[in-house]
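To start, the structure itself, in structure tokens.
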Amino acid sequence: MASRPRTLYEKIWDAHVVETRDDGTSILFIDRHLVHEVTSPQAFEALRLAGRKVRRPELTLAVPDHNLPTTARLDAAGKRIPIADPQSAAQLEALEANAPAFGIRYIEATAMAQGIVHVVGPEQGFSLPGSTIVCGDSHTAAHGGIGALAFGIGTSEVEHVLATQTLQLKRSKTMEVRVDGALGPGVTAKDLILHIIGEIGTAGGNGHVIEYRGAVFEAMSVEARLTVCNMSIEAGARAGLIAPDETVFRYLKGRPYAPKGGDWERAVAWWKTLHTDDSATFDKTVRIDASQVEPTVTWGTSPEDTVAIGGVVPAPESFADPSKQEAVRKSLDYMGLAPGTRMQDIAVENIFIGSCTNSRIEDLRAAAAVLKGRKKADSVKWAIVVPGSGLVKAQAEEEGLDRIFTDAGFEWREPGCSACLGMNPDKVPPGERCASTSNRNFVGRQGPGSRTHLVSPAMAAAAAVTGKLSDVRELVG
Amino acid sequence: MDCVSTIEGRAIPFGAKNVDTDVIIPAHWLKTISREGLGQGAFETVRAEPGNVFDDPAYAGAPILIAGDNFGCGSSREHAAWALLDLGIAAVIAPSFSDIFSGNAFKNGILTVELPQEQIDRLLDVASTDPIAIDLDSQTVTTPFQDRFAFEVDPFRKHCLLNGLDEVGLTLERDGAIAEYEARHAHDMPWLARGTLERTA
Ligand code: SF4
């Protein structure tokens, strides 16, 4: 192929172009398509109305996650407990009917492999380095953590992928986020990505695909990389990527849909070429000093509203842009916070550990390490842990993490999206605060009137113990 | 998809700026499994106010909506386009649109027309009493009072709308090219082509 030096994004893009029109729009081949119950019913309906078939059913994997209640799914007799909300039940039924009707492999709501799409894809080895991955959900960017070009799509595009296994797209610009050095003790991938979004803003990545580069990412586990890439969309980027390496290969080997035998050798040989060439250039570069990153929390209603845990709620006047000043005023009003309040003085009544950002085994281990031998504060009314998949749940139980959580006063739930978006019954009550490991602190995201502070799993655990946003480094030392 | 060439009729003089997709269709309507019926939830919060334009019988069945700057911002939900379609809206005129919304509108055969604020103001005025006409072929908006406003449109989108081509249909016409790519790709990267056909326990 071209000898021109290319970025990782360009290499994956070029390997998937079917053809390019004069106006620059390409037909891009899609290797992996994940489907869940909320954004797919209308796509299947459209196929049916137009009499169209699914072109490559084996390249799509369906799993319910958004709507499912996280309480027990089977009764004592092993029978399925029906979903109380009729609309949620109808969405689940639609997926259960559509998947087999169109020949798509479906992971049952009660299966061990069930979980949040973005946890399931890598865990099953369905998401692979160098592949193009799409899903009708904006946090599809997560799969960039294993070196895939992954992005969210709308329902018409879900239909487009089902019918043609391609999408019509224009190439994005490239952006490098470089973090050299090492993160300090108690500082995690979540703190780093919150810090990055705070630096570049929610529009900072608009029109770009971000590649995260530097020693900090190279040292990260796959789980941590998935956390970073997951929130690329919160920085406005279409997708986020980290070059695949031995850490990724080790993670994938032996997973159910990962390549085997001779395929594995060939795949690894190609994956090893998937890195940005030395002299390739990015349209934009941002450098972050790893030593400056502290455990980070949000104070407002946009993921860019971040501050180090030792900091205070900012004053609207401290922002240069008048429209941001206005947004901050509104946001503080909604959050019920006064400028100058120390973040560590903010009491929280709810704790949510879960979501596709932070519900993998490492996340649960990090939270459990803080909670071990401790109890949640009495002022914390509701604390739940929602593992990202049945497999994560089983692994955690094997390690005894569930006992640490329940002993500390947490509820141990079944896998799903849960309080990340409050589409199922798990919601934060109006006016109450939640220290949440999810990815969006939007108005009403965790339920009408809910107030969200985004944090890492360890920081969520720390907040549970003290009943306030807290610096985890003061609890474990 | 139906061909779009001229859209003529009453226009709802809404005019509000920064209308986000939550206003167009509130989140609780996202739990539906069909594209149809969302018109009932369209502009729910606006319609809760007495005397709102959407429930004014003068605009019943109007095919055009006139809005303010930055129409369709916020969440990317395609339900916003479906809700408008279900209301019978075939075109929206505004000074600007969010990219995602105009993309979703186009995919569902809704024409988005951008005009400067002065012209929008004039159209809002006319719409309160008279019909408006949009001609996609000549790219103009006209009123019964000799107003004639030209607008820009992406040539590819124009071609698709005029010929009733939907993106899926267009891509399916490239079936041969896709099949060729698939053969090459399956040869070079057979592990990707297998998908969920095989798995280890
Ligand atoms: S956990 Fe939250 S962000 Fe992730 S897929 Fe579910 S709803 Fe979306």
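FYI, nothing fancy with the structure tokens labels: chains A, B, ... in order, residues from 1 per chain, ligands from 1 as they appear.
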Could you list the residues in chain B lying within 8 Å of chain A, using only C-alpha atoms, and format the result as a ChimeraX atom specification? /B:30-35,76-78,104,107,167-168,171-172,175,177-178,181,189-201
Could you report the residues within 9 Å of ligand 1, using only C-alpha atoms and all ligand atoms, as a PDB file with N, CA, C and O atoms, in the first residue's frame?
ATOM      1  N   ASP A  65     -29.095  -4.676  27.145  1.00  0.00           N
ATOM      2  CA  ASP A  65     -28.386  -4.090  28.288  1.00  0.00           C
ATOM      3  C   ASP A  65     -29.039  -2.840  28.867  1.00  0.00           C
ATOM      4  O   ASP A  65     -29.155  -2.696  30.077  1.00  0.00           O
ATOM      5  N   HIS A  66     -29.529  -1.927  28.015  1.00  0.00           N
ATOM      6  CA  HIS A  66     -29.972  -0.622  28.500  1.00  0.00           C
ATOM      7  C   HIS A  66     -31.173  -0.655  29.443  1.00  0.00           C
ATOM      8  O   HIS A  66     -31.224   0.075  30.414  1.00  0.00           O
ATOM      9  N   ASN A  67     -32.147  -1.479  29.070  1.00  0.00           N
ATOM     10  CA  ASN A  67     -33.437  -1.476  29.762  1.00  0.00           C
ATOM     11  C   ASN A  67     -33.559  -2.465  30.891  1.00  0.00           C
ATOM     12  O   ASN A  67     -34.460  -2.374  31.709  1.00  0.00           O
ATOM     13  N   ILE A 116     -23.143  -5.188  29.312  1.00  0.00           N
ATOM     14  CA  ILE A 116     -23.200  -3.956  28.525  1.00  0.00           C
ATOM     15  C   ILE A 116     -22.439  -4.205  27.216  1.00  0.00           C
ATOM     16  O   ILE A 116     -21.317  -4.716  27.254  1.00  0.00           O
ATOM     17  N   VAL A 117     -23.032  -3.856  26.094  1.00  0.00           N
ATOM     18  CA  VAL A 117     -22.405  -4.125  24.777  1.00  0.00           C
ATOM     19  C   VAL A 117     -20.912  -3.840  24.754  1.00  0.00           C
ATOM     20  O   VAL A 117     -20.148  -4.628  24.202  1.00  0.00           O
ATOM     21  N   HIS A 118     -20.522  -2.703  25.337  1.00  0.00           N
ATOM     22  CA  HIS A 118     -19.114  -2.303  25.225  1.00  0.00           C
ATOM     23  C   HIS A 118     -18.203  -3.068  26.185  1.00  0.00           C
ATOM     24  O   HIS A 118     -16.989  -2.977  26.101  1.00  0.00           O
ATOM     25  N   VAL A 119     -18.805  -3.791  27.102  1.00  0.00           N
ATOM     26  CA  VAL A 119     -18.016  -4.688  27.950  1.00  0.00           C
ATOM     27  C   VAL A 119     -17.952  -6.051  27.256  1.00  0.00           C
ATOM     28  O   VAL A 119     -16.908  -6.686  27.191  1.00  0.00           O
ATOM     29  N   ASP A 137     -24.855   3.412  19.609  1.00  0.00           N
ATOM     30  CA  ASP A 137     -24.620   3.929  20.951  1.00  0.00           C
ATOM     31  C   ASP A 137     -23.310   4.709  20.923  1.00  0.00           C
ATOM     32  O   ASP A 137     -22.304   4.195  20.442  1.00  0.00           O
ATOM     33  N   SER A 138     -23.337   5.940  21.433  1.00  0.00           N
ATOM     34  CA  SER A 138     -22.170   6.809  21.246  1.00  0.00           C
ATOM     35  C   SER A 138     -20.909   6.333  21.967  1.00  0.00           C
ATOM     36  O   SER A 138     -19.810   6.721  21.602  1.00  0.00           O
ATOM     37  N   HIS A 139     -21.062   5.495  22.991  1.00  0.00           N
ATOM     38  CA  HIS A 139     -19.862   5.072  23.720  1.00  0.00           C
ATOM     39  C   HIS A 139     -19.138   3.883  23.086  1.00  0.00           C
ATOM     40  O   HIS A 139     -18.250   3.293  23.698  1.00  0.00           O
ATOM     41  N   THR A 140     -19.513   3.586  21.854  1.00  0.00           N
ATOM     42  CA  THR A 140     -18.820   2.549  21.091  1.00  0.00           C
ATOM     43  C   THR A 140     -17.334   2.868  20.979  1.00  0.00           C
ATOM     44  O   THR A 140     -16.504   1.975  20.807  1.00  0.00           O
ATOM     45  N   ASN A 230     -13.499   5.102  25.885  1.00  0.00           N
ATOM     46  CA  ASN A 230     -14.938   5.210  26.105  1.00  0.00           C
ATOM     47  C   ASN A 230     -15.404   6.664  26.124  1.00  0.00           C
ATOM     48  O   ASN A 230     -16.439   7.008  25.564  1.00  0.00           O
ATOM     49  N   MET A 231     -14.637   7.516  26.795  1.00  0.00           N
ATOM     50  CA  MET A 231     -15.081   8.896  26.982  1.00  0.00           C
ATOM     51  C   MET A 231     -14.584   9.848  25.894  1.00  0.00           C
ATOM     52  O   MET A 231     -14.780  11.062  26.000  1.00  0.00           O
ATOM     53  N   GLY A 354     -20.465   1.326  38.154  1.00  0.00           N
ATOM     54  CA  GLY A 354     -20.930   0.565  36.998  1.00  0.00           C
ATOM     55  C   GLY A 354     -20.752   1.364  35.725  1.00  0.00           C
ATOM     56  O   GLY A 354     -19.968   2.308  35.697  1.00  0.00           O
ATOM     57  N   SER A 355     -21.467   0.973  34.658  1.00  0.00           N
ATOM     58  CA  SER A 355     -21.460   1.575  33.312  1.00  0.00           C
ATOM     59  C   SER A 355     -20.309   1.049  32.458  1.00  0.00           C
ATOM     60  O   SER A 355     -19.343   0.495  32.972  1.00  0.00           O
ATOM     61  N   CYS A 356     -20.425   1.273  31.149  1.00  0.00           N
ATOM     62  CA  CYS A 356     -19.404   0.782  30.226  1.00  0.00           C
ATOM     63  C   CYS A 356     -18.069   1.478  30.433  1.00  0.00           C
ATOM     64  O   CYS A 356     -17.060   1.064  29.889  1.00  0.00           O
ATOM     65  N   THR A 357     -18.043   2.549  31.219  1.00  0.00           N
ATOM     66  CA  THR A 357     -16.778   3.219  31.495  1.00  0.00           C
ATOM     67  C   THR A 357     -15.991   2.471  32.576  1.00  0.00           C
ATOM     68  O   THR A 357     -14.781   2.303  32.474  1.00  0.00           O
ATOM     69  N   ASN A 358     -16.673   2.044  33.606  1.00  0.00           N
ATOM     70  CA  ASN A 358     -16.002   1.498  34.789  1.00  0.00           C
ATOM     71  C   ASN A 358     -16.764   0.353  35.438  1.00  0.00           C
ATOM     72  O   ASN A 358     -17.213   0.467  36.586  1.00  0.00           O
ATOM     73  N   SER A 359     -16.947  -0.755  34.747  1.00  0.00           N
ATOM     74  CA  SER A 359     -17.638  -1.880  35.388  1.00  0.00           C
ATOM     75  C   SER A 359     -16.923  -3.182  35.126  1.00  0.00           C
ATOM     76  O   SER A 359     -17.493  -4.250  35.249  1.00  0.00           O
ATOM     77  N   GLY A 388     -20.232  -5.130  34.766  1.00  0.00           N
ATOM     78  CA  GLY A 388     -20.452  -4.880  33.343  1.00  0.00           C
ATOM     79  C   GLY A 388     -20.968  -6.079  32.576  1.00  0.00           C
ATOM     80  O   GLY A 388     -21.544  -5.936  31.504  1.00  0.00           O
ATOM     81  N   GLY A 416     -25.831  -4.637  33.517  1.00  0.00           N
ATOM     82  CA  GLY A 416     -26.613  -3.803  32.600  1.00  0.00           C
ATOM     83  C   GLY A 416     -26.178  -2.349  32.716  1.00  0.00           C
ATOM     84  O   GLY A 416     -25.260  -2.032  33.464  1.00  0.00           O
ATOM     85  N   CYS A 417     -26.865  -1.482  31.982  1.00  0.00           N
ATOM     86  CA  CYS A 417     -26.500  -0.060  31.980  1.00  0.00           C
ATOM     87  C   CYS A 417     -26.928   0.640  33.267  1.00  0.00           C
ATOM     88  O   CYS A 417     -26.286   1.570  33.735  1.00  0.00           O
ATOM     89  N   SER A 418     -28.077   0.232  33.780  1.00  0.00           N
ATOM     90  CA  SER A 418     -28.504   0.670  35.107  1.00  0.00           C
ATOM     91  C   SER A 418     -28.559   2.188  35.255  1.00  0.00           C
ATOM     92  O   SER A 418     -28.999   2.890  34.367  1.00  0.00           O
ATOM     93  N   ALA A 419     -28.060   2.683  36.382  1.00  0.00           N
ATOM     94  CA  ALA A 419     -28.173   4.103  36.723  1.00  0.00           C
ATOM     95  C   ALA A 419     -27.300   5.005  35.851  1.00  0.00           C
ATOM     96  O   ALA A 419     -27.298   6.213  36.041  1.00  0.00           O
ATOM     97  N   CYS A 420     -26.589   4.445  34.892  1.00  0.00           N
ATOM     98  CA  CYS A 420     -25.818   5.292  33.976  1.00  0.00           C
ATOM     99  C   CYS A 420     -26.751   6.229  33.233  1.00  0.00           C
ATOM    100  O   CYS A 420     -26.435   7.384  33.007  1.00  0.00           O
ATOM    101  N   LEU A 421     -27.913   5.726  32.843  1.00  0.00           N
ATOM    102  CA  LEU A 421     -28.868   6.589  32.139  1.00  0.00           C
ATOM    103  C   LEU A 421     -30.284   6.479  32.664  1.00  0.00           C
ATOM    104  O   LEU A 421     -31.182   7.117  32.139  1.00  0.00           O
ATOM    105  N   GLY A 422     -30.469   5.688  33.710  1.00  0.00           N
ATOM    106  CA  GLY A 422     -31.793   5.660  34.325  1.00  0.00           C
ATOM    107  C   GLY A 422     -32.911   5.277  33.378  1.00  0.00           C
ATOM    108  O   GLY A 422     -34.017   5.799  33.456  1.00  0.00           O
ATOM    109  N   MET A 423     -32.634   4.366  32.443  1.00  0.00           N
ATOM    110  CA  MET A 423     -33.702   3.922  31.551  1.00  0.00           C
ATOM    111  C   MET A 423     -34.439   2.752  32.211  1.00  0.00           C
ATOM    112  O   MET A 423     -35.592   2.483  31.928  1.00  0.00           O
ATOM    113  N   SER A 438     -19.911   6.523  35.949  1.00  0.00           N
ATOM    114  CA  SER A 438     -20.358   6.543  34.559  1.00  0.00           C
ATOM    115  C   SER A 438     -19.686   7.685  33.793  1.00  0.00           C
ATOM    116  O   SER A 438     -18.701   8.247  34.248  1.00  0.00           O
ATOM    117  N   ASN A 439     -20.247   8.040  32.639  1.00  0.00           N
ATOM    118  CA  ASN A 439     -19.540   8.958  31.751  1.00  0.00           C
ATOM    119  C   ASN A 439     -20.258  10.274  31.458  1.00  0.00           C
ATOM    120  O   ASN A 439     -19.724  11.141  30.803  1.00  0.00           O
ATOM    121  N   ARG A 440     -21.492  10.401  31.898  1.00  0.00           N
ATOM    122  CA  ARG A 440     -22.216  11.643  31.590  1.00  0.00           C
ATOM    123  C   ARG A 440     -22.879  12.204  32.848  1.00  0.00           C
ATOM    124  O   ARG A 440     -23.602  11.489  33.536  1.00  0.00           O
TER     125      ARG A 440
END
For Leu170 of chain B, which of B:Arg157, B:Ser96, B:Gly68, B:Gly103 is the closest residue, counting only C-alpha atoms? B:Arg157
Which residues come within 12 Å of segment 46-60 of chain B, counting only C-alpha atoms, excluding same-chain residues fewer than 3 positions away, as a PyMOL selection string? chain B and resi 9-16+19+22-26+39-43+63-67+84+87-89+124+127-131
Just N, CA and C atoms for this one: save the residues we selected as a short mmCIF file (atom, residue, chain, number, x, y, z; two decimals), in the first residue's frame.
data_model
loop_
_atom_site.label_atom_id
_atom_site.label_comp_id
_atom_site.auth_asym_id
_atom_site.auth_seq_id
_atom_site.Cartn_x
_atom_site.Cartn_y
_atom_site.Cartn_z
N GLY B 9 -47.49 24.68 1.18
CA GLY B 9 -48.59 24.63 2.13
C GLY B 9 -48.33 25.56 3.31
N ARG B 10 -49.15 25.39 4.31
CA ARG B 10 -48.99 26.24 5.49
C ARG B 10 -47.69 25.86 6.18
N ALA B 11 -47.09 26.85 6.85
CA ALA B 11 -45.84 26.62 7.59
C ALA B 11 -46.08 27.02 9.03
N ILE B 12 -45.65 26.18 9.94
CA ILE B 12 -45.84 26.48 11.37
C ILE B 12 -44.81 27.52 11.80
N PRO B 13 -45.27 28.72 12.18
CA PRO B 13 -44.32 29.79 12.52
C PRO B 13 -43.82 29.64 13.97
N PHE B 14 -42.94 28.68 14.19
CA PHE B 14 -42.46 28.35 15.53
C PHE B 14 -41.39 29.37 15.94
N GLY B 15 -40.32 29.43 15.17
CA GLY B 15 -39.33 30.51 15.35
C GLY B 15 -38.36 30.38 16.51
N ALA B 16 -38.57 29.42 17.43
CA ALA B 16 -37.71 29.35 18.62
C ALA B 16 -36.27 28.97 18.25
N VAL B 19 -33.52 24.96 19.64
CA VAL B 19 -34.46 23.91 20.00
C VAL B 19 -33.70 22.58 19.97
N ASP B 22 -34.41 17.11 22.69
CA ASP B 22 -35.25 16.80 23.85
C ASP B 22 -36.58 17.54 23.78
N VAL B 23 -36.55 18.74 23.19
CA VAL B 23 -37.78 19.51 23.02
C VAL B 23 -38.59 18.89 21.86
N ILE B 24 -37.89 18.51 20.80
CA ILE B 24 -38.58 17.93 19.65
C ILE B 24 -39.27 16.62 20.06
N ILE B 25 -38.55 15.78 20.78
CA ILE B 25 -39.16 14.55 21.29
C ILE B 25 -38.49 14.17 22.63
N PRO B 26 -39.24 14.31 23.72
CA PRO B 26 -38.65 14.04 25.04
C PRO B 26 -38.17 12.60 25.20
N GLY B 39 -45.37 11.41 16.57
CA GLY B 39 -45.96 12.75 16.44
C GLY B 39 -46.71 13.15 17.70
N GLN B 40 -47.27 12.16 18.37
CA GLN B 40 -48.01 12.44 19.62
C GLN B 40 -47.11 13.07 20.68
N GLY B 41 -45.84 12.69 20.66
CA GLY B 41 -44.92 13.20 21.68
C GLY B 41 -44.13 14.41 21.21
N ALA B 42 -44.28 14.76 19.92
CA ALA B 42 -43.48 15.86 19.37
C ALA B 42 -43.80 17.17 20.08
N PHE B 43 -42.79 17.89 20.47
CA PHE B 43 -42.93 19.20 21.11
C PHE B 43 -43.86 19.15 22.33
N PRO B 63 -47.05 21.17 6.20
CA PRO B 63 -45.86 20.37 5.85
C PRO B 63 -44.53 21.05 6.15
N ILE B 64 -44.58 22.32 6.56
CA ILE B 64 -43.33 23.07 6.77
C ILE B 64 -43.27 23.58 8.20
N LEU B 65 -42.07 23.57 8.76
CA LEU B 65 -41.85 24.14 10.10
C LEU B 65 -40.78 25.22 9.97
N ILE B 66 -41.05 26.40 10.56
CA ILE B 66 -40.03 27.46 10.54
C ILE B 66 -39.50 27.62 11.96
N ALA B 67 -38.18 27.52 12.12
CA ALA B 67 -37.59 27.58 13.45
C ALA B 67 -36.45 28.59 13.49
N LEU B 84 -41.02 14.43 13.61
CA LEU B 84 -41.45 15.46 12.66
C LEU B 84 -42.18 14.81 11.48
N LEU B 87 -45.58 13.99 12.32
CA LEU B 87 -46.44 15.18 12.38
C LEU B 87 -46.83 15.63 10.97
N GLY B 88 -46.15 15.09 9.97
CA GLY B 88 -46.45 15.49 8.59
C GLY B 88 -45.50 16.56 8.06
N ILE B 89 -44.42 16.82 8.80
CA ILE B 89 -43.45 17.84 8.37
C ILE B 89 -42.53 17.26 7.28
N LEU B 124 -41.81 34.04 8.80
CA LEU B 124 -42.64 33.85 9.99
C LEU B 124 -43.88 34.72 9.91
N ALA B 127 -46.17 33.30 7.17
CA ALA B 127 -46.74 32.00 7.55
C ALA B 127 -47.96 32.15 8.44
N SER B 128 -48.06 33.25 9.17
CA SER B 128 -49.19 33.39 10.07
C SER B 128 -50.51 33.52 9.31
N THR B 129 -50.44 33.89 8.03
CA THR B 129 -51.68 34.03 7.27
C THR B 129 -51.73 33.24 5.97
N ASP B 130 -50.55 33.01 5.37
CA ASP B 130 -50.53 32.44 4.02
C ASP B 130 -49.59 31.25 3.87
N PRO B 131 -49.77 30.50 2.79
CA PRO B 131 -48.87 29.37 2.55
C PRO B 131 -47.51 29.81 2.02
#
Might you pull out every residue within 10 Å of Arg171 of chain A, with only C-alpha atoms counted and same-chain residues fewer than 5 positions away left off, and present them as a list in words? Tyr9, Glu10, Trp13, Asp14, Gly24, Thr25, Ser26, Leu28, Gly207, His208 and Val209 of chain A
Store the residues picked out above in a file with all heavy atoms, as an mmCIF file, in the first residue's frame.
data_model
loop_
_atom_site.group_PDB
_atom_site.id
_atom_site.type_symbol
_atom_site.label_atom_id
_atom_site.label_comp_id
_atom_site.auth_asym_id
_atom_site.auth_seq_id
_atom_site.Cartn_x
_atom_site.Cartn_y
_atom_site.Cartn_z
ATOM 1 N N TYR A 9 -5.085 5.618 12.680
ATOM 2 C CA TYR A 9 -6.441 5.798 12.143
ATOM 3 C C TYR A 9 -6.446 5.615 10.631
ATOM 4 O O TYR A 9 -7.294 4.903 10.068
ATOM 5 C CB TYR A 9 -6.967 7.188 12.520
ATOM 6 C CG TYR A 9 -8.225 7.592 11.783
ATOM 7 C CD1 TYR A 9 -9.417 6.900 11.984
ATOM 8 C CD2 TYR A 9 -8.220 8.647 10.865
ATOM 9 C CE1 TYR A 9 -10.576 7.260 11.293
ATOM 10 C CE2 TYR A 9 -9.367 9.010 10.177
ATOM 11 C CZ TYR A 9 -10.538 8.311 10.388
ATOM 12 O OH TYR A 9 -11.678 8.666 9.716
ATOM 13 N N GLU A 10 -5.483 6.258 9.965
ATOM 14 C CA GLU A 10 -5.449 6.178 8.504
ATOM 15 C C GLU A 10 -5.206 4.745 8.026
ATOM 16 O O GLU A 10 -5.767 4.316 7.025
ATOM 17 C CB GLU A 10 -4.384 7.139 7.950
ATOM 18 C CG GLU A 10 -4.822 8.592 8.137
ATOM 19 C CD GLU A 10 -3.682 9.597 8.020
ATOM 20 O OE1 GLU A 10 -2.533 9.270 8.380
ATOM 21 O OE2 GLU A 10 -3.951 10.711 7.553
ATOM 22 N N TRP A 13 -8.504 2.916 8.479
ATOM 23 C CA TRP A 13 -9.447 3.471 7.501
ATOM 24 C C TRP A 13 -9.147 2.915 6.093
ATOM 25 O O TRP A 13 -10.019 2.351 5.428
ATOM 26 C CB TRP A 13 -9.364 4.998 7.517
ATOM 27 C CG TRP A 13 -10.174 5.655 6.450
ATOM 28 C CD1 TRP A 13 -9.790 5.929 5.167
ATOM 29 C CD2 TRP A 13 -11.538 6.106 6.561
ATOM 30 N NE1 TRP A 13 -10.818 6.529 4.469
ATOM 31 C CE2 TRP A 13 -11.899 6.653 5.299
ATOM 32 C CE3 TRP A 13 -12.486 6.119 7.596
ATOM 33 C CZ2 TRP A 13 -13.155 7.195 5.047
ATOM 34 C CZ3 TRP A 13 -13.745 6.664 7.339
ATOM 35 C CH2 TRP A 13 -14.071 7.186 6.086
ATOM 36 N N ASP A 14 -7.880 3.062 5.682
ATOM 37 C CA ASP A 14 -7.504 2.628 4.328
ATOM 38 C C ASP A 14 -7.817 1.147 4.100
ATOM 39 O O ASP A 14 -8.203 0.755 3.001
ATOM 40 C CB ASP A 14 -6.006 2.848 4.088
ATOM 41 C CG ASP A 14 -5.653 4.318 3.956
ATOM 42 O OD1 ASP A 14 -6.591 5.139 3.799
ATOM 43 O OD2 ASP A 14 -4.454 4.662 4.031
ATOM 44 N N GLY A 24 -15.613 12.853 -1.829
ATOM 45 C CA GLY A 24 -14.827 12.456 -0.651
ATOM 46 C C GLY A 24 -15.541 11.482 0.267
ATOM 47 O O GLY A 24 -14.973 11.034 1.259
ATOM 48 N N THR A 25 -16.795 11.150 -0.032
ATOM 49 C CA THR A 25 -17.505 10.177 0.795
ATOM 50 C C THR A 25 -17.068 8.762 0.407
ATOM 51 O O THR A 25 -17.031 8.432 -0.771
ATOM 52 C CB THR A 25 -19.028 10.300 0.578
ATOM 53 O OG1 THR A 25 -19.400 11.657 0.810
ATOM 54 C CG2 THR A 25 -19.798 9.383 1.516
ATOM 55 N N SER A 26 -16.731 7.964 1.422
ATOM 56 C CA SER A 26 -16.313 6.590 1.139
ATOM 57 C C SER A 26 -17.374 5.617 1.594
ATOM 58 O O SER A 26 -18.123 5.890 2.538
ATOM 59 C CB SER A 26 -15.023 6.269 1.891
ATOM 60 O OG SER A 26 -13.965 7.043 1.405
ATOM 61 N N LEU A 28 -17.370 2.491 3.609
ATOM 62 C CA LEU A 28 -16.421 1.867 4.526
ATOM 63 C C LEU A 28 -16.976 0.524 4.985
ATOM 64 O O LEU A 28 -18.121 0.446 5.453
ATOM 65 C CB LEU A 28 -16.208 2.782 5.738
ATOM 66 C CG LEU A 28 -14.967 2.450 6.581
ATOM 67 C CD1 LEU A 28 -13.705 2.925 5.870
ATOM 68 C CD2 LEU A 28 -15.052 3.087 7.959
ATOM 69 N N GLY A 207 -14.984 16.581 15.048
ATOM 70 C CA GLY A 207 -14.516 16.284 13.691
ATOM 71 C C GLY A 207 -13.255 15.439 13.643
ATOM 72 O O GLY A 207 -12.741 15.139 12.573
ATOM 73 N N HIS A 208 -12.729 15.055 14.812
ATOM 74 C CA HIS A 208 -11.464 14.320 14.860
ATOM 75 C C HIS A 208 -11.644 12.904 15.409
ATOM 76 O O HIS A 208 -12.609 12.615 16.115
ATOM 77 C CB HIS A 208 -10.468 15.036 15.791
ATOM 78 C CG HIS A 208 -9.970 16.338 15.252
ATOM 79 N ND1 HIS A 208 -10.747 17.467 15.247
ATOM 80 C CD2 HIS A 208 -8.784 16.693 14.702
ATOM 81 C CE1 HIS A 208 -10.057 18.466 14.714
ATOM 82 N NE2 HIS A 208 -8.853 18.025 14.376
ATOM 83 N N VAL A 209 -10.669 12.074 15.097
ATOM 84 C CA VAL A 209 -10.493 10.810 15.803
ATOM 85 C C VAL A 209 -9.229 10.989 16.642
ATOM 86 O O VAL A 209 -8.193 11.421 16.123
ATOM 87 C CB VAL A 209 -10.350 9.638 14.819
ATOM 88 C CG1 VAL A 209 -9.825 8.394 15.529
ATOM 89 C CG2 VAL A 209 -11.704 9.334 14.169
#
Using only C-alpha atoms, which residues sit within 9 Å of Asn108 of chain B once same-chain residues fewer than 2 positions away are excluded, as number ranges by chain? A: 156; B: 1, 81-82, 85, 103-106, 110-111, 166
Export N, CA, C and O atoms of the chosen residues as a compact mmCIF listing (two decimals), in the first residue's frame?
# COMPACT_ATOMS: atom_id res chain seq x y z
N SER A 156 -30.75 4.83 11.50
CA SER A 156 -30.72 4.63 10.04
C SER A 156 -29.43 3.97 9.62
O SER A 156 -29.39 3.18 8.68
N MET B 1 -38.08 5.52 -0.53
CA MET B 1 -38.41 6.83 0.02
C MET B 1 -39.12 7.68 -1.04
O MET B 1 -38.83 7.55 -2.23
N ALA B 81 -36.29 13.22 14.05
CA ALA B 81 -36.72 13.25 12.64
C ALA B 81 -38.01 12.44 12.46
O ALA B 81 -38.92 12.87 11.75
N TRP B 82 -38.08 11.30 13.11
CA TRP B 82 -39.29 10.48 12.97
C TRP B 82 -40.52 11.20 13.53
O TRP B 82 -41.62 11.08 12.99
N LEU B 85 -41.63 13.72 10.98
CA LEU B 85 -42.27 13.01 9.86
C LEU B 85 -43.69 12.61 10.24
O LEU B 85 -44.63 12.77 9.46
N GLY B 103 -28.39 15.64 9.26
CA GLY B 103 -28.08 14.33 8.69
C GLY B 103 -29.24 13.35 8.90
O GLY B 103 -29.66 12.66 7.97
N ASN B 104 -29.76 13.33 10.10
CA ASN B 104 -30.88 12.44 10.39
C ASN B 104 -32.12 12.82 9.59
O ASN B 104 -32.86 11.95 9.11
N ALA B 105 -32.35 14.13 9.44
CA ALA B 105 -33.50 14.60 8.67
C ALA B 105 -33.37 14.12 7.23
O ALA B 105 -34.29 13.52 6.66
N PHE B 106 -32.19 14.34 6.66
CA PHE B 106 -31.95 13.93 5.28
C PHE B 106 -32.17 12.42 5.09
O PHE B 106 -32.83 11.99 4.15
N ILE B 110 -36.45 14.33 5.00
CA ILE B 110 -36.91 15.68 5.38
C ILE B 110 -35.89 16.69 4.85
O ILE B 110 -34.69 16.53 5.05
N LEU B 111 -36.40 17.72 4.17
CA LEU B 111 -35.53 18.75 3.62
C LEU B 111 -35.25 19.81 4.68
O LEU B 111 -36.18 20.29 5.34
N ASP B 166 -32.82 6.47 -1.04
CA ASP B 166 -32.35 6.46 0.33
C ASP B 166 -30.93 5.90 0.34
O ASP B 166 -30.52 5.22 -0.62
Please, which residues of segment 53-149 of chain B, numbered as in this document, come out strand (DSSP E or B) from DSSP, as a list in words? Ile64, Leu65, Ile66, Phe71, Cys73, Ala91, Val92, Ile93, Ala94, Phe97, Leu111, Thr112, Val113, Glu114, Ile132, Ala133, Ile134, Asp135, Thr140, Val141, Thr142, Arg148 and Phe149 of chain B
